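What follows is the content of structure36.txt (compact mmCIF, C-alpha atoms).
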# COMPACT_ATOMS: atom_id res chain seq x y z
CA MET L 66 -17.64 -41.47 -29.86
CA PRO L 67 -14.32 -39.80 -30.73
CA GLN L 68 -16.23 -36.60 -31.47
CA TYR L 69 -16.74 -36.11 -27.71
CA TYR L 70 -13.06 -35.51 -27.31
CA MET L 71 -13.41 -32.43 -29.46
CA ILE L 72 -14.47 -30.67 -26.28
CA LEU L 73 -10.97 -30.90 -24.82
CA PRO L 74 -9.15 -28.57 -27.22
CA VAL L 75 -12.07 -26.14 -27.04
CA ALA L 76 -11.92 -26.12 -23.24
CA ALA L 77 -8.15 -25.68 -23.41
CA VAL L 78 -8.57 -22.58 -25.57
CA PHE L 79 -11.01 -21.06 -23.07
CA LEU L 80 -8.71 -21.81 -20.16
CA ALA L 81 -5.65 -20.39 -21.89
CA ALA L 82 -7.52 -17.18 -22.77
CA GLY L 83 -7.86 -16.41 -19.08
CA CYS L 84 -4.12 -16.31 -18.52
CA GLY L 85 -1.37 -14.19 -19.98
CA GLY L 86 0.42 -11.19 -18.46
CA ASP L 87 1.24 -7.66 -19.52
CA GLY L 88 4.87 -8.26 -20.32
CA ARG L 89 6.05 -8.40 -16.70
CA SER L 90 8.64 -10.98 -15.73
CA LYS L 91 9.42 -12.71 -12.51
CA VAL L 92 12.91 -11.79 -11.33
CA HIS L 93 14.74 -13.73 -8.65
CA GLY L 94 18.16 -14.62 -7.41
CA PHE L 95 20.58 -14.83 -4.53
CA VAL L 96 22.58 -12.14 -2.73
CA LYS L 97 25.81 -12.88 -0.92
CA HIS L 98 27.68 -10.50 1.32
CA GLN L 99 31.32 -11.30 2.07
CA GLY L 100 30.74 -14.86 0.97
CA LYS L 101 27.72 -15.48 3.20
CA PRO L 102 24.02 -15.15 2.26
CA LEU L 103 22.76 -11.66 3.10
CA LYS L 104 20.51 -12.31 6.08
CA ALA L 105 17.99 -9.50 5.65
CA GLY L 106 17.74 -6.64 3.21
CA VAL L 107 15.89 -5.03 0.36
CA ILE L 108 16.62 -5.09 -3.36
CA SER L 109 15.23 -2.42 -5.69
CA PHE L 110 15.26 -2.28 -9.48
CA ILE L 111 15.37 1.26 -10.83
CA GLU L 112 14.78 2.05 -14.47
CA GLU L 113 17.57 4.02 -16.08
CA GLY L 114 17.04 7.73 -15.54
CA ALA L 115 14.36 7.25 -12.88
CA ILE L 116 14.60 7.94 -9.15
CA ALA L 117 11.84 5.67 -7.93
CA PRO L 118 12.03 1.88 -8.18
CA SER L 119 9.98 -0.09 -10.68
CA GLY L 120 9.97 -3.07 -8.38
CA GLY L 121 11.85 -4.90 -5.70
CA SER L 122 11.75 -7.49 -3.00
CA ALA L 123 12.77 -8.20 0.54
CA ILE L 124 15.92 -10.32 0.80
CA ILE L 125 15.55 -13.13 3.30
CA ASP L 126 18.56 -15.38 3.94
CA GLY L 127 20.05 -14.34 0.62
CA ARG L 128 17.01 -15.12 -1.47
CA TYR L 129 14.84 -12.57 -3.22
CA GLU L 130 11.96 -12.86 -5.66
CA VAL L 131 9.88 -10.31 -7.51
CA PRO L 132 6.65 -12.17 -8.34
CA ALA L 133 5.48 -12.15 -11.97
CA GLU L 134 2.18 -10.32 -11.23
CA ALA L 135 4.11 -7.31 -9.96
CA GLY L 136 7.22 -8.14 -11.96
CA LEU L 137 9.53 -6.08 -14.11
CA LYS L 138 9.14 -5.05 -17.72
CA PRO L 139 12.05 -5.84 -20.06
CA GLY L 140 14.79 -3.24 -19.94
CA LYS L 141 17.96 -2.12 -18.23
CA TYR L 142 17.86 -1.47 -14.52
CA ALA L 143 20.12 -0.10 -11.85
CA VAL L 144 19.99 -2.39 -8.83
CA ALA L 145 20.15 -1.06 -5.28
CA ILE L 146 20.75 -3.48 -2.44
CA SER L 147 20.24 -2.25 1.11
CA ALA L 148 20.70 -4.01 4.38
CA PRO L 149 19.10 -1.77 6.98
CA GLU L 150 20.17 -2.31 10.54
CA ASN L 151 17.67 -4.61 12.18
CA LYS L 152 15.77 -3.51 15.23
CA SER L 153 15.55 -5.74 18.23
CA LYS L 154 12.28 -7.65 18.11
CA ALA L 155 11.82 -8.04 21.84
CA ALA L 156 12.19 -4.40 22.77
CA ALA L 157 9.84 -3.09 20.17
CA GLU L 158 6.90 -5.39 20.67
CA GLN L 159 6.16 -4.73 24.28
CA ALA L 160 4.00 -1.71 23.63
CA MET L 161 1.40 -0.65 21.13
CA PRO L 162 2.99 0.99 18.07
CA GLY L 163 4.20 4.44 19.02
CA MET L 164 6.66 6.97 17.73
CA SER L 165 8.51 5.99 14.61
CA GLY L 166 12.25 6.22 14.98
CA PRO L 167 14.57 7.63 12.33
CA PRO L 168 15.04 5.58 9.16
CA PRO L 169 17.22 2.52 9.76
CA LYS L 170 20.98 2.80 9.30
CA GLU L 171 22.49 1.31 6.16
CA THR L 172 25.08 -1.40 6.73
CA LEU L 173 26.27 -1.87 3.14
CA PRO L 174 28.58 0.51 1.26
CA ALA L 175 26.95 3.24 -0.89
CA LYS L 176 28.22 1.66 -4.13
CA TYR L 177 25.53 -1.01 -3.67
CA ASN L 178 22.59 1.25 -2.85
CA SER L 179 22.45 5.06 -2.91
CA LYS L 180 25.25 5.30 -5.50
CA THR L 181 24.81 1.86 -6.96
CA GLU L 182 27.08 0.42 -9.61
CA LEU L 183 25.07 -2.78 -9.94
CA ARG L 184 23.14 -3.32 -13.16
CA ALA L 185 20.77 -5.94 -14.50
CA GLU L 186 18.97 -6.38 -17.80
CA VAL L 187 15.55 -7.99 -17.71
CA LYS L 188 14.67 -9.82 -20.91
CA ALA L 189 11.25 -11.06 -21.97
CA GLY L 190 10.95 -14.83 -21.89
CA ALA L 191 14.36 -15.33 -20.27
CA LYS L 192 15.00 -16.79 -16.84
CA ASN L 193 15.91 -13.44 -15.27
CA GLU L 194 17.91 -14.83 -12.42
CA PHE L 195 20.42 -12.33 -11.04
CA ASP L 196 22.86 -13.25 -8.31
CA PHE L 197 24.96 -10.62 -6.58
CA ASP L 198 28.16 -11.19 -4.67
CA LEU L 199 28.83 -8.15 -2.50
CA GLN L 200 32.13 -7.48 -0.80
CA MET I 17 -32.52 -55.36 -26.58
CA LYS I 18 -34.15 -52.00 -25.88
CA ARG I 19 -32.87 -49.90 -23.01
CA ASN I 20 -34.61 -46.83 -21.74
CA GLY I 21 -32.35 -44.36 -19.95
CA PHE I 22 -28.94 -42.80 -20.58
CA THR I 23 -25.64 -44.54 -21.02
CA LEU I 24 -22.75 -43.68 -18.73
CA ILE I 25 -20.96 -41.88 -21.58
CA GLU I 26 -23.96 -39.69 -22.29
CA LEU I 27 -24.26 -38.73 -18.64
CA LEU I 28 -20.54 -37.93 -18.45
CA VAL I 29 -20.76 -35.75 -21.52
CA VAL I 30 -23.71 -33.84 -20.07
CA ILE I 31 -21.83 -33.34 -16.81
CA ALA I 32 -18.73 -32.20 -18.69
CA ILE I 33 -20.74 -29.64 -20.66
CA ILE I 34 -22.37 -28.33 -17.48
CA ALA I 35 -18.94 -28.10 -15.85
CA VAL I 36 -17.59 -26.04 -18.75
CA LEU I 37 -20.61 -23.72 -18.61
CA ILE I 38 -20.21 -23.21 -14.86
CA GLY I 39 -16.51 -22.65 -15.42
CA LEU I 40 -17.40 -19.82 -17.77
CA LEU I 41 -20.07 -18.40 -15.50
CA VAL I 42 -18.23 -18.30 -12.16
CA PRO I 43 -15.45 -15.91 -13.24
CA ALA I 44 -18.07 -13.70 -14.92
CA VAL I 45 -20.08 -13.49 -11.70
CA GLN I 46 -16.95 -12.79 -9.69
CA LYS I 47 -15.98 -10.05 -12.11
CA VAL I 48 -19.36 -8.40 -11.67
CA ARG I 49 -19.02 -8.63 -7.90
CA GLU I 50 -15.57 -7.11 -7.99
CA ALA I 51 -16.81 -4.36 -10.30
CA ALA I 52 -19.55 -3.53 -7.79
CA ASN I 53 -17.06 -3.60 -4.92
CA ARG I 54 -14.71 -1.37 -6.83
CA MET I 55 -17.48 1.11 -7.49
CA SER I 56 -18.34 1.19 -3.79
CA CYS I 57 -14.64 1.61 -3.02
CA THR I 58 -14.41 4.52 -5.48
CA ASN I 59 -17.46 6.08 -3.87
CA ASN I 60 -15.83 5.90 -0.42
CA LEU I 61 -12.85 7.80 -1.79
CA LYS I 62 -15.16 10.40 -3.29
CA GLN I 63 -16.81 10.83 0.13
CA LEU I 64 -13.43 11.26 1.76
CA GLY I 65 -12.37 13.75 -0.89
CA ILE I 66 -15.49 15.82 -0.29
CA ALA I 67 -15.01 15.50 3.48
CA MET I 68 -11.51 16.97 3.13
CA HIS I 69 -12.92 19.92 1.20
CA SER I 70 -15.74 20.40 3.73
CA TYR I 71 -13.18 20.39 6.54
CA HIS I 72 -11.06 22.88 4.61
CA ASP I 73 -14.05 25.21 4.17
CA ALA I 74 -15.11 24.98 7.80
CA ASN I 75 -11.67 25.33 9.41
CA ASN I 76 -10.01 28.53 8.29
CA SER I 77 -9.12 27.15 4.87
CA ALA I 78 -6.78 24.42 6.05
CA LEU I 79 -6.79 20.72 5.37
CA PRO I 80 -6.89 18.40 8.39
CA ALA I 81 -3.49 17.71 9.91
CA MET I 82 -2.08 14.24 9.23
CA MET I 83 -1.71 13.82 13.00
CA GLY I 84 -1.47 16.01 16.08
CA PRO I 85 1.64 18.11 16.82
CA SER I 86 3.07 15.43 19.13
CA GLY I 87 2.98 12.78 16.41
CA CYS I 88 2.11 9.11 16.34
CA CYS I 89 -0.43 8.31 18.98
CA TRP I 90 -3.05 10.81 19.93
CA GLY I 91 -5.19 10.76 16.83
CA THR I 92 -4.82 11.26 13.08
CA TRP I 93 -6.76 12.98 10.29
CA THR I 94 -9.35 10.19 10.54
CA ILE I 95 -10.73 11.71 13.75
CA LEU I 96 -10.83 15.25 12.38
CA ILE I 97 -12.95 14.34 9.37
CA MET I 98 -15.42 12.20 11.34
CA PRO I 99 -18.08 14.96 11.42
CA TYR I 100 -17.89 15.16 7.62
CA ILE I 101 -18.42 11.45 7.04
CA GLU I 102 -21.54 11.22 9.20
CA GLN I 103 -19.65 10.12 12.32
CA GLU I 104 -20.19 13.21 14.47
CA GLN I 105 -20.85 11.04 17.53
CA ALA I 106 -17.49 9.27 17.28
CA TYR I 107 -15.76 12.63 16.88
CA ARG I 108 -17.47 14.09 19.97
CA LEU I 109 -16.37 11.14 22.10
CA TYR I 110 -12.70 11.10 21.10
CA GLN I 111 -10.36 12.38 23.80
CA ASN I 112 -6.98 14.03 23.65
CA TRP I 113 -6.56 14.61 19.92
CA GLY I 114 -3.37 16.62 19.55
CA GLY I 115 -2.34 16.08 23.16
CA ASN I 116 0.42 13.83 24.39
CA ASP I 117 1.31 11.70 27.40
CA GLY I 118 1.85 14.74 29.64
CA PHE I 119 -0.74 17.15 28.31
CA ASN I 120 -4.44 16.68 27.75
CA SER I 121 -5.90 18.69 24.92
CA ASN I 122 -9.51 18.07 26.07
CA PHE I 123 -10.33 17.94 22.38
CA PRO I 124 -12.82 17.04 20.98
CA ALA I 125 -14.16 15.60 24.27
CA GLN I 126 -13.34 16.58 27.85
CA SER I 127 -10.87 14.12 29.33
CA THR I 128 -12.23 11.68 31.85
CA GLY I 129 -8.79 11.30 33.39
CA GLY I 130 -5.30 10.59 32.13
CA PHE I 131 -3.90 11.23 28.69
CA PRO I 132 -5.55 8.65 26.44
CA ARG I 133 -3.84 7.57 23.24
CA TYR I 134 -5.62 6.12 20.19
CA GLY I 135 -5.23 2.70 21.73
CA SER I 136 -6.36 3.40 25.28
CA ALA I 137 -9.79 3.59 26.89
CA PRO I 138 -12.12 5.32 26.37
CA ASN I 139 -10.98 5.97 22.79
CA THR I 140 -10.88 2.28 21.94
CA THR I 141 -14.40 1.69 23.20
CA ASN I 142 -15.91 4.79 21.64
CA VAL I 143 -14.02 5.33 18.41
CA THR I 144 -11.03 3.30 17.33
CA GLY I 145 -12.37 -0.13 18.24
CA ARG I 146 -14.93 0.05 15.46
CA ARG I 147 -14.87 -0.56 11.73
CA TYR I 148 -16.11 2.30 9.58
CA LYS I 149 -17.75 1.37 6.33
CA VAL I 150 -16.71 4.53 4.50
CA LEU I 151 -13.07 3.79 5.42
CA THR I 152 -13.27 0.16 4.27
CA CYS I 153 -12.94 -1.02 0.67
CA PRO I 154 -15.23 -4.03 0.16
CA SER I 155 -12.76 -5.64 -2.28
CA ASP I 156 -10.25 -6.20 0.51
CA GLN I 157 -10.01 -8.83 3.21
CA VAL I 158 -10.75 -7.23 6.57
CA ASN I 159 -8.29 -7.58 9.44
CA THR I 160 -7.92 -6.45 13.03
CA PRO I 161 -4.24 -6.34 14.03
CA ILE I 162 -4.46 -5.15 17.65
CA GLY I 163 -7.31 -5.78 20.08
CA ALA I 164 -10.57 -4.64 18.53
CA MET I 165 -8.93 -1.94 16.42
CA PRO I 166 -9.33 -2.68 12.70
CA ASN I 167 -7.21 -1.84 9.68
CA HIS I 168 -8.84 0.35 7.04
CA ASN I 169 -8.23 1.08 3.36
CA TYR I 170 -7.61 4.78 2.83
CA ALA I 171 -4.56 6.84 3.69
CA VAL I 172 -3.75 10.47 2.94
CA CYS I 173 -0.87 11.22 0.61
CA GLY I 174 2.20 12.24 2.59
CA GLY I 175 4.28 12.97 -0.50
CA THR I 176 7.22 11.27 -2.16
CA GLY I 177 8.99 9.91 0.93
CA GLY I 178 7.95 8.12 4.08
CA THR I 179 5.14 9.29 6.35
CA SER I 180 7.42 11.66 8.25
CA ARG I 181 9.19 12.60 4.99
CA SER I 182 11.87 10.04 5.70
CA VAL I 183 14.10 8.77 2.89
CA PRO I 184 12.90 5.32 1.75
CA THR I 185 15.33 2.40 1.64
CA GLY I 186 16.92 2.10 -1.80
CA ALA I 187 16.56 5.78 -2.71
CA PRO I 188 19.47 7.26 -4.66
CA ALA I 189 21.91 9.66 -3.02
CA GLY I 190 20.59 13.20 -2.94
CA PHE I 191 16.92 12.22 -3.00
CA VAL I 192 14.92 14.75 -0.99
CA PRO I 193 11.37 13.62 -0.17
CA GLN I 194 8.75 16.25 -1.01
CA ALA I 195 5.69 16.93 1.12
CA GLY I 196 2.32 15.94 -0.29
CA MET I 197 -1.05 17.51 0.44
CA PHE I 198 -0.43 16.25 3.97
CA ASP I 199 2.90 16.74 5.63
CA GLY I 200 4.17 14.34 8.24
CA GLY I 201 7.52 16.12 8.22
CA SER I 202 6.04 19.29 9.68
CA LEU I 203 3.10 18.46 11.90
CA THR I 204 2.10 21.97 12.88
CA ARG I 205 2.00 23.23 9.32
CA LYS I 206 -1.46 24.23 8.09
CA ILE I 207 -1.84 23.29 4.45
CA LYS I 208 -4.32 25.17 2.32
CA LEU I 209 -5.65 24.06 -1.03
CA THR I 210 -4.01 27.14 -2.52
CA ASP I 211 -0.63 25.79 -1.35
CA VAL I 212 -0.94 22.94 -3.82
CA THR I 213 0.84 24.75 -6.62
CA ASP I 214 1.27 21.63 -8.74
CA GLY I 215 -2.47 21.79 -9.35
CA LEU I 216 -5.26 20.06 -7.46
CA THR I 217 -6.14 17.86 -10.43
CA ASN I 218 -2.59 16.59 -10.64
CA THR I 219 -1.87 15.93 -6.99
CA ILE I 220 -3.02 12.98 -4.95
CA MET I 221 -4.97 13.75 -1.79
CA VAL I 222 -6.20 10.39 -0.51
CA GLY I 223 -4.95 7.02 -1.74
CA GLU I 224 -5.86 3.41 -1.29
CA VAL I 225 -3.89 1.01 0.88
CA ALA I 226 -4.40 -2.71 1.41
CA GLN I 227 -5.08 -4.07 4.87
CA GLY I 228 -2.14 -5.96 6.33
CA GLN I 229 -3.05 -9.42 7.57
CA GLY I 230 -2.46 -10.83 11.03
CA THR I 231 -0.58 -8.33 13.20
CA ASP I 232 0.47 -6.36 10.13
CA LEU I 233 -0.12 -2.62 10.53
CA ARG I 234 -0.79 -1.60 6.95
CA GLY I 235 -4.05 0.32 6.93
CA PHE I 236 -3.88 0.94 10.68
CA ILE I 237 -4.78 4.58 10.13
CA TRP I 238 -5.53 5.36 13.79
CA TRP I 239 -1.78 5.46 14.21
CA GLY I 240 0.40 8.20 12.68
CA ASP I 241 2.83 6.11 10.65
CA ALA I 242 0.22 4.12 8.75
CA SER I 243 -2.17 7.04 8.26
CA ALA I 244 -0.36 8.20 5.13
CA MET I 245 0.87 6.65 1.89
CA SER I 246 3.92 7.43 -0.21
CA THR I 247 4.24 7.75 -3.98
CA PHE I 248 7.90 6.69 -3.94
CA ALA I 249 6.96 3.35 -5.54
CA THR I 250 4.15 2.74 -8.04
CA PRO I 251 0.72 1.29 -7.13
CA ASN I 252 0.82 -2.36 -6.04
CA THR I 253 4.60 -2.33 -6.27
CA SER I 254 6.71 -5.35 -5.44
CA THR I 255 8.96 -2.97 -3.47
CA PRO I 256 8.34 -3.78 0.20
CA ASP I 257 6.62 -1.35 2.56
CA GLN I 258 8.79 -0.38 5.54
CA ILE I 259 6.91 -1.08 8.74
CA TYR I 260 7.71 -0.18 12.35
CA THR I 261 9.13 -3.53 13.60
CA PRO I 262 9.39 -7.12 12.27
CA GLY I 263 6.49 -8.27 14.45
CA TYR I 264 4.13 -5.84 12.76
CA CYS I 265 5.15 -6.87 9.22
CA ASN I 266 3.54 -9.93 7.69
CA ASN I 267 5.50 -10.22 4.43
CA LEU I 268 3.19 -11.75 1.78
CA PRO I 269 4.73 -10.84 -1.61
CA ALA I 270 2.66 -13.40 -3.52
CA LYS I 271 -0.53 -11.78 -2.20
CA GLY I 272 0.67 -8.31 -3.12
CA LEU I 273 1.67 -7.39 0.44
CA PRO I 274 5.50 -7.28 0.53
CA CYS I 275 7.08 -5.61 3.56
CA THR I 276 10.12 -5.39 5.80
CA GLY I 277 10.04 -4.62 9.50
CA THR I 278 12.99 -2.27 9.49
CA GLY I 279 11.11 0.88 10.45
CA GLY I 280 11.19 4.20 8.65
CA GLY I 281 7.45 4.28 8.05
CA VAL I 282 7.00 4.00 4.27
CA TYR I 283 3.66 2.70 3.02
CA PHE I 284 2.81 2.35 -0.66
CA SER I 285 -0.58 2.44 -2.33
CA ARG I 286 -2.04 -1.04 -2.80
CA SER I 287 -5.41 -2.54 -3.59
CA ARG I 288 -7.23 -5.76 -4.38
CA HIS I 289 -8.54 -4.40 -7.69
CA SER I 290 -7.07 -5.92 -10.78
CA GLY I 291 -4.53 -3.71 -12.49
CA GLY I 292 -4.34 -0.64 -10.28
CA VAL I 293 -5.54 1.52 -7.41
CA ASN I 294 -8.06 4.29 -6.92
CA ALA I 295 -6.91 7.69 -5.78
CA ALA I 296 -8.75 10.88 -4.86
CA MET I 297 -7.02 13.90 -6.33
CA GLY I 298 -6.85 17.30 -4.68
CA ASP I 299 -10.02 18.46 -6.42
CA ALA I 300 -11.85 15.43 -4.95
CA SER I 301 -12.10 13.71 -8.33
CA VAL I 302 -11.38 9.99 -8.13
CA ARG I 303 -9.20 8.24 -10.66
CA PHE I 304 -8.20 4.69 -11.29
CA ILE I 305 -4.44 4.54 -11.69
CA SER I 306 -2.80 1.64 -13.46
CA ASN I 307 0.01 -0.37 -11.90
CA GLY I 308 1.90 0.31 -15.13
CA ILE I 309 2.12 4.08 -14.58
CA SER I 310 5.64 5.43 -15.03
CA PRO I 311 7.42 5.58 -11.66
CA THR I 312 8.38 9.20 -12.30
CA ALA I 313 4.82 10.33 -13.11
CA TRP I 314 3.48 8.66 -9.96
CA LEU I 315 6.29 10.11 -7.84
CA ASN I 316 5.53 13.61 -9.11
CA ALA I 317 1.80 13.22 -8.50
CA GLY I 318 2.58 12.79 -4.80
CA GLY I 319 4.46 16.03 -4.22
CA ALA I 320 2.08 18.98 -3.74
CA ALA I 321 4.37 21.92 -4.45
CA ASP I 322 7.63 20.52 -5.77
CA GLY I 323 7.25 22.07 -9.21
CA GLN I 324 7.07 18.59 -10.75
CA VAL I 325 3.64 17.92 -12.17
CA GLY I 326 2.68 14.28 -12.47
CA THR I 327 0.67 13.46 -15.56
CA LEU I 328 -1.62 10.57 -14.78
CA ASN I 329 -3.47 8.78 -17.51
Mind converting the file's structure to structure tokens?
Amino acid sequence: MPQYYMILPVAAVFLAAGCGGDGRSKVHGFVKHQGKPLKAGVISFIEEGAIAPSGGSAIIDGRYEVPAEAGLKPGKYAVAISAPENKSKAAAEQAMPGMSGPPPKETLPAKYNSKTELRAEVKAGAKNEFDFDLQ
Amino acid sequence: MKRNGFTLIELLVVIAIIAVLIGLLVPAVQKVREAANRMSCTNNLKQLGIAMHSYHDANNSALPAMMGPSGCCWGTWTILIMPYIEQEQAYRLYQNWGGNDGFNSNFPAQSTGGFPRYGSAPNTTNVTGRRYKVLTCPSDQVNTPIGAMPNHNYAVCGGTGGTSRSVPTGAPAGFVPQAGMFDGGSLTRKIKLTDVTDGLTNTIMVGEVAQGQGTDLRGFIWWGDASAMSTFATPNTSTPDQIYTPGYCNNLPAKGLPCTGTGGGVYFSRSRHSGGVNAAMGDASVRFISNGISPTAWLNAGGAADGQVGTLN
């Protein structure tokens, strides 16, 4: 009878073959602004030398997470954190979507976003948790 | 003692083997289904690409405008290409394309009173309250965010910034968004194929977008903002789209639909295909572009005449 259990490792091999990524890592962490969790914002990870982000996430109550499926490849990144001014929910939702206003105003200093000094290094297999404490 | 029949163990083993076989078969069947859906999705893009060229040939060598001169709400490129995607009837019934709330364009149809927007009668009943197969990618989950008006899956490329050439959140200082083959930053501009100096093969004309779920407006191409996509971030990026208001953003990062409701109007190319998105280039060829494309190459493929040629592979 023990031979029946041979099926388990075989099945395990088949199951494992279906998984596996393309070297992208989940990146997550916590953002504080003046000691308090940043209520709402956006974090972007920009490869060195590039203009456009390689990935990012919305920041909600300080927390952000870039999921593994759309995660970041190992390397050094510049990190831009923005906290656009939030629009009033009530006013905007009365009507059907209409004219788009100008881009939202930035509430954080430029050294955290458009001229960022923040850096992070994503490593394969590591935990890749980056917390930022903004002033 | 002689027993005829199977023992419990034998039955369990048979069931286990069948389970393993089904386990192998189901993903294979799903893959074939997705492959068929993707092919149909690619074909839709090809149709749209050809429709753009047909429009260009028939209308004084100019591509359809992204939206009318007054912006957001009186019709987008989708209405203009209707006759070229076998929807002549819908086109003929649409009222007030290119008008506004104080001026009726009587185009394409005579107005029956008032200044209808995309979301008012009779446009909703005749045109925008319907789902169009050629604008829907079968791989995606369909959704209707407002009334009977559905989201769709294809948006024109508005270049490297937001729909109205706005600067996306997180862009570095000095970043100037470049217009794509469609220009939301200059709505009266007539763009010709010969204006695409970066090369038609290297510039994106129509891209894929994923339908937002619930009240989410991604893929709501009846409306100006969502009628275009940006190449600022790579296909299926984890960088959130920037939607009109919080109530119209259903942030689902784990399902590949991250967003913020801060406004600005920036929509990235997304799909339900594994590993990338389809895109119709300026010459109406359709390519599958990997999520792993370099951010700079993708950015450059969005700008139509910025002197930066994106090499897509």
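Proximity to Gly94 of chain L was assessed for L:Glu182, L:Ala133, L:Ile124, L:Gly106 counting all atoms listed in the file; the smallest distance is recorded for L:Ile124.
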- Task: Anything within 9 Å of (16.2, 10.3, -4.1): list those residues as a ChimeraX atom specification, counting only C-alpha atoms and sticking to the file's coordinates.
- Result: /L:116-117,179 /I:177,183-184,186-193
- Quick one: which residues from chain L are at most 8 Å off chain I, using all atoms listed in the file, as an MDAnalysis selection string? chainID L and resid 69 76 107:109 115:123 131:132 135:136 145:147 149:152 154 157:158 161:169 178:181
- Test item: residues at most 6 Å from Asn53 of chain I, only C-alpha atoms, excluding those fewer than 3 positions along its chain, as an MDAnalysis selection string: chainID I and resid 50 56 154:155
- Minimum-distance residue to Gly127 of chain L, chosen among L:Val187, L:Phe95, L:Tyr142, L:Phe110 (using all atoms listed in the file):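 Closest candidate: L:Phe95.
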